[in-house]
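**Student:** First the structure, which I've put down as structure tokens, then a few questions once you've had a look.
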Amino acid sequence: MDQLIGSAMDELCISEQGRIRNKRRSNMNGPCKNLEAERRRRQKLHDRLMALRGVVPQITNMKKATIVEDAIAHIKTLQQTVDHLKDQLSDVDASSEDSTEPSNGEIHAAEEMKSLGIEPDITVAKIYENKFWIKATFRKKRGAFTKFMEAVTAFGFELTDTSLTTINGAMLVTSCLEGVSCEKLSVDEIKQFLLEIVQGTYLN
């Protein structure tokens, strides 16, 4: 009987010691798991901020709060540009009818440009590493301004501070061209790219 009781007590002690060890191990693993989860959360936040920084043209500094503030300011600027362009488009593209034949006004605009010696033209000046000022001249034609904007943005560029003037049968567009690709392109390469657009059949 004494041996049986002793054996039971030994098993109880072993069981209790195992429970204590497991509890200690659990207590030790708890903070580690929390630290790892916090590390993953911070890394995810950092990655998202870097992605946001990559699409915002101008970041004043690398502080988290500043990146978010710059992104908000950039979105507001884009919205203002969209509203401004909508107002201009309502004037330029007053007629929404599609036509394969040029209107009398378009024919007159082409003749007027030709008589005055105005040719499709591009002027480019570098402002920052990834920002250029551009001036584009092409024939006044229904939908030409919209197609010019779409063609430029289709290549991943962004136009800001855009203004449009029509004179002597021609359209004159001035704007700031921004984008990640701008850092890799020279003034001449940007000019050639835009010149190919304005010399396209849909703008001539």
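Letters A, B, ... mark the chains of the structure tokens in the order given; residue numbers begin at 1 per chain; ligand numbers begin at 1, in order shown.
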Please identify the alpha helix (DSSP H) residues within segment 165-195 of chain A (assignment by DSSP from backbone atoms) and present them as a ChimeraX atom specification.

**Tutor:** /A:187-195

**Student:** Near Ile197 of chain A, within 12 Å and counting only C-alpha atoms, which residues show up once chain neighbours fewer than 4 positions away are dropped, as a ChimeraX atom specification?

**Tutor:** /A:120-122,136-138,144-145,147-155,190-193,201-204

**Student:** Excluding Val56 of chain A and any residue of its chain fewer than 5 positions from it, enumerate the residues within 8 Å of it, using only C-alpha atoms, and give them as a PyMOL selection string.

**Tutor:** chain A and resi 70-71+74

**Student:** Those selected residues, please, written with N, CA and C atoms and delivered as a compact mmCIF listing (two decimals), in the first residue's frame.

**Tutor:**
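Final file, part.txt:
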```txt
# COMPACT_ATOMS: atom_id res chain seq x y z
N ASP A 70 0.45 64.52 -47.40
CA ASP A 70 0.80 64.83 -48.79
C ASP A 70 -0.10 64.08 -49.76
N ALA A 71 -0.45 62.84 -49.41
CA ALA A 71 -1.34 62.05 -50.27
C ALA A 71 -2.73 62.68 -50.32
N HIS A 74 -2.57 65.74 -52.45
CA HIS A 74 -2.46 65.36 -53.87
C HIS A 74 -3.82 64.95 -54.43
```

**Student:** Would you mind reading off the distance between atom CA of Leu185 of chain A and atom CA of Asn130 of chain A, one decimal, in Å?

**Tutor:**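 Interatomic distance, atom CA of Leu185 of chain A to atom CA of Asn130 of chain A: 8.8 Å.
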
**Student:** To one decimal place, how far is atom CA of Glu119 of chain A from atom CA of Gly179 of chain A in Å?

**Tutor:**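 A separation of 27.4 Å between them.
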
**Student:** What's the separation between atom CA of Glu129 of chain A and atom CA of Met171 of chain A, in Å to one decimal place?

**Tutor:** 27.8 Å

**Student:** What's the 12 Å shell around Val55 of chain A, counting only C-alpha atoms, without same-chain residues fewer than 5 positions away, as a list in words?

**Tutor:**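 So, after excluding close chain neighbours, the residues are Arg48, Leu49, Met50, Ile67, Val68, Asp70, Ala71, Ile72, His74, Ile75, Asn130, Gly156, Phe157, Glu158, Glu178, Gly179, Val180 and Ser181 of chain A.
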
**Student:** Check the smallest atom-to-atom distance from each of A:Arg142, A:Arg41, A:His46, A:His84 to Lys63 of chain A using only C-alpha atoms, then report the winner.

**Tutor:**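 Smallest distance to Lys63 of chain A is found for A:His46.
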
**Student:** Closest to Lys86 of chain A among A:Leu164, A:Leu177, A:Ala170, A:Cys182, using only C-alpha atoms?

**Tutor:**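 Selected residue with least distance to Lys86 of chain A: A:Leu164.
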